[in-house]
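Pasted below: model_8.txt, compact mmCIF, C-alpha atoms and all ligand atoms.
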```
# COMPACT_ATOMS: atom_id res chain seq x y z
CA MET A 1 3.95 11.93 -29.95
CA ASP A 2 3.76 11.57 -33.75
CA GLU A 3 1.36 8.65 -33.72
CA PHE A 4 -1.41 10.47 -31.84
CA PRO A 5 -3.82 12.57 -33.93
CA PRO A 6 -2.90 16.22 -34.56
CA GLY A 7 -4.11 18.40 -31.68
CA PHE A 8 -4.51 15.43 -29.31
CA PHE A 9 -2.31 17.10 -26.68
CA ASP A 10 -3.62 20.64 -27.17
CA ARG A 11 -5.38 22.31 -24.24
CA ALA A 12 -7.91 25.13 -24.06
CA ASP A 13 -5.52 26.85 -21.65
CA PRO A 14 -1.99 26.34 -22.99
CA GLY A 15 -0.62 28.81 -20.44
CA ASP A 16 1.89 28.16 -17.70
CA ASP A 17 0.65 25.40 -15.37
CA ALA A 18 2.31 27.22 -12.45
CA ALA A 19 -0.22 30.05 -12.82
CA PHE A 20 -3.24 27.72 -12.95
CA TYR A 21 -2.11 25.71 -9.92
CA ALA A 22 -0.92 28.70 -7.84
CA PRO A 23 -4.06 28.79 -5.62
CA ALA A 24 -4.15 25.88 -3.18
CA ARG A 25 -7.17 23.61 -3.74
CA LEU A 26 -7.64 21.66 -0.52
CA VAL A 27 -10.56 19.72 -1.97
CA THR A 28 -11.23 16.19 -3.15
CA HIS A 29 -11.65 15.64 -6.87
CA ILE A 30 -13.68 12.40 -6.71
CA ASP A 31 -16.37 11.17 -4.31
CA ASP A 32 -15.81 9.03 -1.22
CA ALA A 33 -16.60 5.73 -2.94
CA ALA A 34 -14.12 6.45 -5.73
CA ILE A 35 -11.49 7.48 -3.17
CA ALA A 36 -12.11 4.22 -1.29
CA ALA A 37 -11.68 2.34 -4.58
CA VAL A 38 -8.24 3.92 -5.02
CA GLY A 39 -7.18 2.80 -1.52
CA ASP A 40 -8.59 -0.68 -2.12
CA LEU A 41 -6.60 -0.99 -5.35
CA TYR A 42 -3.37 0.03 -3.61
CA ASP A 43 -4.11 -2.56 -0.90
CA ASP A 44 -4.92 -5.27 -3.44
CA LEU A 45 -1.70 -4.59 -5.36
CA GLY A 46 0.39 -4.30 -2.18
CA VAL A 47 1.56 -0.76 -2.87
CA ASP A 48 3.08 -0.35 0.58
CA GLY A 49 6.83 0.20 0.16
CA GLU A 50 8.65 3.35 -0.94
CA VAL A 51 6.17 5.11 -3.21
CA LEU A 52 6.10 8.22 -5.41
CA ASP A 53 2.67 9.87 -5.73
CA LEU A 54 2.98 11.72 -9.04
CA MET A 55 0.79 14.81 -9.61
CA SER A 56 -0.15 14.81 -5.97
CA SER A 57 -1.98 17.17 -3.68
CA TRP A 58 -2.98 17.09 -0.02
CA VAL A 59 -4.43 13.54 -0.09
CA SER A 60 -2.86 10.38 -1.49
CA HIS A 61 -5.77 8.00 -0.78
CA PHE A 62 -3.80 5.19 0.91
CA ARG A 63 -5.77 3.35 3.58
CA ARG A 64 -2.47 3.13 5.47
CA PRO A 65 0.50 5.24 4.40
CA PRO A 66 3.24 3.23 2.65
CA SER A 67 6.62 2.87 4.35
CA ARG A 68 7.84 6.06 2.65
CA LEU A 69 5.86 8.45 0.47
CA VAL A 70 7.30 11.07 -1.88
CA VAL A 71 4.70 13.46 -3.32
CA LEU A 72 5.27 15.53 -6.48
CA GLY A 73 2.87 18.22 -7.63
CA MET A 74 2.47 21.85 -8.58
CA ASN A 75 1.35 23.46 -5.33
CA ALA A 76 3.62 23.60 -2.26
CA ALA A 77 0.81 24.37 0.19
CA GLU A 78 -1.20 21.35 -1.00
CA LEU A 79 1.82 19.07 -0.69
CA ASP A 80 2.70 20.52 2.74
CA ALA A 81 -0.82 19.62 3.89
CA ASN A 82 -0.45 15.97 2.81
CA PRO A 83 -0.22 14.08 6.13
CA ALA A 84 1.13 10.89 4.56
CA ALA A 85 4.08 12.55 2.80
CA ASP A 86 7.71 12.13 3.89
CA GLU A 87 9.19 14.20 1.03
CA ARG A 88 7.61 16.90 -1.11
CA ILE A 89 8.69 18.02 -4.59
CA VAL A 90 7.20 20.94 -6.51
CA HIS A 91 7.85 20.23 -10.18
CA ASP A 92 6.10 20.92 -13.50
CA LEU A 93 6.12 17.73 -15.59
CA ASN A 94 4.81 19.56 -18.64
CA ALA A 95 7.71 22.00 -18.56
CA ASP A 96 10.24 19.26 -17.72
CA PRO A 97 9.14 15.62 -17.90
CA ARG A 98 12.22 14.44 -15.99
CA ILE A 99 11.34 13.54 -12.39
CA PRO A 100 13.94 15.02 -10.02
CA LEU A 101 14.77 11.71 -8.33
CA PRO A 102 17.66 9.30 -8.89
CA ASP A 103 17.36 6.05 -10.87
CA GLU A 104 15.55 3.20 -9.11
CA ALA A 105 14.51 5.45 -6.21
CA VAL A 106 11.10 3.89 -5.39
CA ASP A 107 9.22 0.58 -5.34
CA ASP A 108 6.03 1.87 -6.97
CA VAL A 109 4.64 5.05 -8.54
CA VAL A 110 0.97 6.08 -8.39
CA CYS A 111 -0.90 8.87 -10.19
CA CYS A 112 -4.51 9.64 -9.27
CA VAL A 113 -6.97 11.63 -11.42
CA SER A 114 -4.17 13.55 -13.14
CA VAL A 115 -2.75 11.66 -16.13
CA ASP A 116 -5.10 13.66 -18.39
CA TYR A 117 -3.08 16.85 -17.76
CA LEU A 118 0.17 15.52 -19.23
CA VAL A 119 1.12 16.99 -22.60
CA ARG A 120 4.28 14.85 -22.93
CA PRO A 121 3.06 11.60 -21.37
CA LEU A 122 5.43 9.20 -23.12
CA GLU A 123 8.44 11.12 -21.80
CA VAL A 124 6.95 11.12 -18.31
CA PHE A 125 6.10 7.39 -18.46
CA ARG A 126 9.68 6.61 -19.56
CA ASP A 127 11.02 8.64 -16.67
CA VAL A 128 8.64 6.88 -14.26
CA ALA A 129 10.27 3.62 -15.36
CA ARG A 130 13.69 5.13 -14.68
CA VAL A 131 12.85 5.98 -11.05
CA LEU A 132 11.16 2.59 -10.46
CA ARG A 133 13.13 -0.29 -9.04
CA PRO A 134 13.04 -3.57 -11.00
CA GLY A 135 9.54 -5.03 -10.84
CA GLY A 136 7.98 -1.75 -9.71
CA ARG A 137 4.50 -0.79 -10.86
CA PHE A 138 3.07 2.45 -12.20
CA VAL A 139 -0.59 2.66 -11.15
CA CYS A 140 -2.77 5.29 -12.87
CA THR A 141 -6.32 5.88 -11.64
CA PHE A 142 -8.86 8.30 -13.08
CA SER A 143 -12.54 9.14 -13.21
CA ASN A 144 -14.57 11.29 -15.58
CA ARG A 145 -14.06 14.63 -13.83
CA VAL A 146 -11.43 17.08 -15.07
CA PHE A 147 -10.23 20.66 -15.02
CA PRO A 148 -11.52 21.09 -18.61
CA THR A 149 -9.22 23.93 -19.60
CA LYS A 150 -6.12 21.99 -18.55
CA ALA A 151 -6.98 18.46 -19.75
CA ILE A 152 -5.69 17.46 -23.18
CA ARG A 153 -8.19 17.61 -26.01
CA GLY A 154 -7.88 13.89 -26.77
CA TRP A 155 -9.05 13.08 -23.23
CA LEU A 156 -11.99 15.49 -23.28
CA HIS A 157 -13.40 13.90 -26.41
CA ALA A 158 -12.94 10.28 -25.25
CA THR A 159 -15.38 7.87 -23.58
CA ASP A 160 -14.47 6.12 -20.31
CA GLU A 161 -13.38 3.03 -22.26
CA GLN A 162 -11.32 5.13 -24.67
CA ARG A 163 -9.59 6.82 -21.72
CA CYS A 164 -8.51 3.40 -20.45
CA ALA A 165 -7.23 2.69 -23.95
CA ILE A 166 -5.33 6.01 -24.05
CA VAL A 167 -3.50 5.27 -20.81
CA ALA A 168 -2.79 1.70 -21.94
CA GLU A 169 -1.28 3.18 -25.13
CA TYR A 170 0.93 5.47 -23.06
CA PHE A 171 2.27 2.36 -21.31
CA ARG A 172 2.77 0.46 -24.59
CA ARG A 173 4.26 3.30 -26.62
CA SER A 174 6.69 4.28 -23.88
CA GLN A 175 8.15 0.78 -24.45
CA VAL A 176 9.44 0.45 -20.91
CA PHE A 177 6.55 -1.41 -19.25
CA ASP A 178 5.03 -4.87 -19.49
CA GLU A 179 1.53 -5.18 -20.96
CA PRO A 180 -0.82 -3.00 -18.84
CA THR A 181 -3.91 -4.16 -16.97
CA ALA A 182 -7.07 -2.02 -17.11
CA ALA A 183 -10.03 -2.32 -14.75
CA ARG A 184 -13.14 -0.50 -13.65
CA ARG A 185 -12.79 -0.41 -9.87
CA THR A 186 -16.25 0.91 -8.95
CA PRO A 187 -19.26 -1.27 -9.84
CA PRO A 188 -21.11 -0.27 -13.04
CA SER A 189 -24.19 0.25 -10.82
CA HIS A 190 -22.30 2.84 -8.69
CA PRO A 191 -24.27 6.10 -9.11
CA GLY A 192 -21.35 8.41 -8.27
CA ASP A 193 -17.91 8.98 -9.79
CA PRO A 194 -16.61 5.91 -11.63
CA LEU A 195 -13.04 4.89 -10.88
CA PHE A 196 -10.86 3.32 -13.57
CA ALA A 197 -7.32 2.04 -13.22
CA VAL A 198 -4.57 1.12 -15.65
CA TRP A 199 -1.31 -0.21 -14.30
CA ALA A 200 1.80 -2.05 -15.46
CA ARG A 201 5.10 -3.33 -14.18
CA ARG A 202 8.42 -1.88 -15.28
CA ARG A 203 9.79 -4.04 -18.07
CA GLY A 204 12.67 -6.32 -17.28
CA ALA A 205 11.74 -7.40 -13.76
C1 LIG B 301 -7.15 16.88 -10.07
S1 LIG B 301 -5.74 17.20 -9.09
C2 LIG B 301 -5.43 15.60 -8.38
C3 LIG B 301 -4.61 15.66 -7.13
C4 LIG B 301 -4.41 14.33 -6.41
N1 LIG B 301 -3.62 13.41 -7.22
C5 LIG B 301 -5.71 13.70 -5.99
O1 LIG B 301 -5.91 12.50 -6.20
O2 LIG B 301 -6.54 14.40 -5.40
C6 LIG B 301 -4.48 17.38 -10.32
C7 LIG B 301 -3.09 17.47 -9.76
O3 LIG B 301 -2.16 17.36 -10.83
C8 LIG B 301 -1.05 18.16 -10.52
N2 LIG B 301 -0.50 18.63 -11.78
C9 LIG B 301 -1.18 19.22 -12.79
N3 LIG B 301 -0.36 19.59 -13.78
C10 LIG B 301 0.88 19.20 -13.39
C11 LIG B 301 2.17 19.33 -13.99
N4 LIG B 301 2.34 19.96 -15.15
N5 LIG B 301 3.22 18.80 -13.33
C12 LIG B 301 3.07 18.20 -12.13
N6 LIG B 301 1.87 18.06 -11.51
C13 LIG B 301 0.79 18.56 -12.13
C14 LIG B 301 -1.58 19.33 -9.70
O4 LIG B 301 -0.62 19.76 -8.77
C15 LIG B 301 -2.81 18.77 -9.03
O5 LIG B 301 -2.59 18.51 -7.68
```
So that I can check it, write out the structure of this file as structure tokens.
Ligand SMILES: C[S@@+](CC[C@H](N)C(=O)[O-])C[C@H]1O[C@@H](n2cnc3c(N)ncnc32)[C@H](O)[C@@H]1O
Amino acid sequence: MDEFPPGFFDRADPGDDAAFYAPARLVTHIDDAAIAAVGDLYDDLGVDGEVLDLMSSWVSHFRRPPSRLVVLGMNAAELDANPAADERIVHDLNADPRIPLPDEAVDDVVCCVSVDYLVRPLEVFRDVARVLRPGGRFVCTFSNRVFPTKAIRGWLHATDEQRCAIVAEYFRRSQVFDEPTAARRTPPSHPGDPLFAVWARRRGA
């Protein structure tokens, strides 16, 4: 993390994530158009095989569930309520960035509106590459809404474009992915929540 500015990964609430995420939040964090944009992206990219939804809750936003879906998040009740999930893992990636899955376990990994909560993102991105099969993609989507006390300071002070650049840097600096693609997936004229995506393929396909 040395190359990011001092304090970049600090949070207003540095306390245990387990305490913050203990109450189940069976809500959506982005509006319907942004949710539809997530599903459209997964369709366009063909994310339909064995998939890990990292930092998941009760919805994974697929238009059709992939062939097998593993969901990992902080709240068991939220994950239990996810109708698309085949396997559920409660795990704190800030306490332990290693994903409790074997090497090359899934075809693709997705992470929706959550990458801004990671305090050790490069370690997590490297471990995402470990659980991906050759050629697998890691697809990060995000908007401009956050839990402000739990998002990293660097994210809170960034513009939408800078947030795309931050996630692209996570991909580059983890050194285990090909060059990432970044896109705005809702039209600039969309009056609601914007939806941005940055994704890349595991290096060495
Ligand atoms: C804004 S919600 C997004 C949930 C879901 N991905 C969605 O699209 O609605 C943030 C999610 O990140 C997960 N999360 C936050 N901190 C985490 C951590 N340290 N380790 C694992 N998951 C975490 C929480 O469980 C929560 O469900």
Discussion item. What does the structure give for the distance between atom CA of A:Tyr21 and atom C14 of ligand LIG 301 (chain B), in Å to one decimal?
Written reply: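 Atom CA of A:Tyr21 sits 6.4 Å away from atom C14 of ligand LIG 301 (chain B).
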Worksheet entry | Counting only C-alpha atoms, the option among A:Pro83, A:Ser60, A:Asp160, A:Val176 closest to A:Ala129 |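 Of the candidates, the smallest distance to A:Ala129 is held by A:Val176.
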Worksheet item: ligand LIG 301 (chain B): which residues are within 8 Å, counting only C-alpha atoms and all ligand atoms, as a PyMOL selection string?
Response: chain A and resi 17-18+21+25+27-30+53-61+72-75+78+90-95+111-115+117-118+146-147+150
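For stretch 11-16 of chain A, the non-local neighbours within 8 Å, defined as residues at least 6 positions apart in the same chain or in other chains and counting only C-alpha atoms, are Pro148, Thr149, Lys150, Ala151, Ile152 and Arg153 of chain A.
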Which residues are close to stretch 132-142 of chain A, i.e. within 9 Å by all atoms listed in the file, leaving aside same-chain residues fewer than 4 positions away? Reply as a PDB file with C-alpha atoms, keeping the file's coordinate frame.
```pdb
ATOM      1  CA  ILE A  30     -13.680  12.400  -6.710  1.00  0.00           C
ATOM      2  CA  VAL A  38      -8.240   3.920  -5.020  1.00  0.00           C
ATOM      3  CA  TYR A  42      -3.370   0.030  -3.610  1.00  0.00           C
ATOM      4  CA  VAL A  47       1.560  -0.760  -2.870  1.00  0.00           C
ATOM      5  CA  ASP A 103      17.360   6.050 -10.870  1.00  0.00           C
ATOM      6  CA  GLU A 104      15.550   3.200  -9.110  1.00  0.00           C
ATOM      7  CA  ALA A 105      14.510   5.450  -6.210  1.00  0.00           C
ATOM      8  CA  VAL A 106      11.100   3.890  -5.390  1.00  0.00           C
ATOM      9  CA  ASP A 107       9.220   0.580  -5.340  1.00  0.00           C
ATOM     10  CA  ASP A 108       6.030   1.870  -6.970  1.00  0.00           C
ATOM     11  CA  VAL A 109       4.640   5.050  -8.540  1.00  0.00           C
ATOM     12  CA  VAL A 110       0.970   6.080  -8.390  1.00  0.00           C
ATOM     13  CA  CYS A 111      -0.900   8.870 -10.190  1.00  0.00           C
ATOM     14  CA  CYS A 112      -4.510   9.640  -9.270  1.00  0.00           C
ATOM     15  CA  VAL A 113      -6.970  11.630 -11.420  1.00  0.00           C
ATOM     16  CA  SER A 114      -4.170  13.550 -13.140  1.00  0.00           C
ATOM     17  CA  VAL A 115      -2.750  11.660 -16.130  1.00  0.00           C
ATOM     18  CA  ASP A 116      -5.100  13.660 -18.390  1.00  0.00           C
ATOM     19  CA  PHE A 125       6.100   7.390 -18.460  1.00  0.00           C
ATOM     20  CA  ASP A 127      11.020   8.640 -16.670  1.00  0.00           C
ATOM     21  CA  VAL A 128       8.640   6.880 -14.260  1.00  0.00           C
ATOM     22  CA  ARG A 163      -9.590   6.820 -21.720  1.00  0.00           C
ATOM     23  CA  CYS A 164      -8.510   3.400 -20.450  1.00  0.00           C
ATOM     24  CA  VAL A 167      -3.500   5.270 -20.810  1.00  0.00           C
ATOM     25  CA  PHE A 177       6.550  -1.410 -19.250  1.00  0.00           C
ATOM     26  CA  PRO A 194     -16.610   5.910 -11.630  1.00  0.00           C
ATOM     27  CA  LEU A 195     -13.040   4.890 -10.880  1.00  0.00           C
ATOM     28  CA  PHE A 196     -10.860   3.320 -13.570  1.00  0.00           C
ATOM     29  CA  ALA A 197      -7.320   2.040 -13.220  1.00  0.00           C
ATOM     30  CA  VAL A 198      -4.570   1.120 -15.650  1.00  0.00           C
ATOM     31  CA  TRP A 199      -1.310  -0.210 -14.300  1.00  0.00           C
ATOM     32  CA  ALA A 200       1.800  -2.050 -15.460  1.00  0.00           C
ATOM     33  CA  ARG A 201       5.100  -3.330 -14.180  1.00  0.00           C
ATOM     34  CA  ARG A 202       8.420  -1.880 -15.280  1.00  0.00           C
ATOM     35  CA  ARG A 203       9.790  -4.040 -18.070  1.00  0.00           C
ATOM     36  CA  GLY A 204      12.670  -6.320 -17.280  1.00  0.00           C
ATOM     37  CA  ALA A 205      11.740  -7.400 -13.760  1.00  0.00           C
TER      38      ALA A 205
END
```
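Distances to A:Thr181 were evaluated for A:Pro65, A:Leu45, A:Leu156, A:Ala84 using only C-alpha atoms, and the minimum falls at A:Leu45.
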Discussion item. What's the separation between atom CA of A:Thr186 and atom CA of A:Gly39, in Å to one decimal place?
Written reply: 11.9 Å
At most 12 Å from (-0.7, -3.4, 0.9), file frame, only C-alpha atoms: which residues, as a short mmCIF file (atom, residue, chain, number, x, y, z; two decimals) with C-alpha atoms, keeping the file's coordinate frame?
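The resulting part21.cif:
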```cif
data_model
loop_
_atom_site.label_atom_id
_atom_site.label_comp_id
_atom_site.auth_asym_id
_atom_site.auth_seq_id
_atom_site.Cartn_x
_atom_site.Cartn_y
_atom_site.Cartn_z
CA GLY A 39 -7.18 2.80 -1.52
CA ASP A 40 -8.59 -0.68 -2.12
CA LEU A 41 -6.60 -0.99 -5.35
CA TYR A 42 -3.37 0.03 -3.61
CA ASP A 43 -4.11 -2.56 -0.90
CA ASP A 44 -4.92 -5.27 -3.44
CA LEU A 45 -1.70 -4.59 -5.36
CA GLY A 46 0.39 -4.30 -2.18
CA VAL A 47 1.56 -0.76 -2.87
CA ASP A 48 3.08 -0.35 0.58
CA GLY A 49 6.83 0.20 0.16
CA GLU A 50 8.65 3.35 -0.94
CA VAL A 51 6.17 5.11 -3.21
CA PHE A 62 -3.80 5.19 0.91
CA ARG A 63 -5.77 3.35 3.58
CA ARG A 64 -2.47 3.13 5.47
CA PRO A 65 0.50 5.24 4.40
CA PRO A 66 3.24 3.23 2.65
CA SER A 67 6.62 2.87 4.35
CA ASP A 108 6.03 1.87 -6.97
#
```
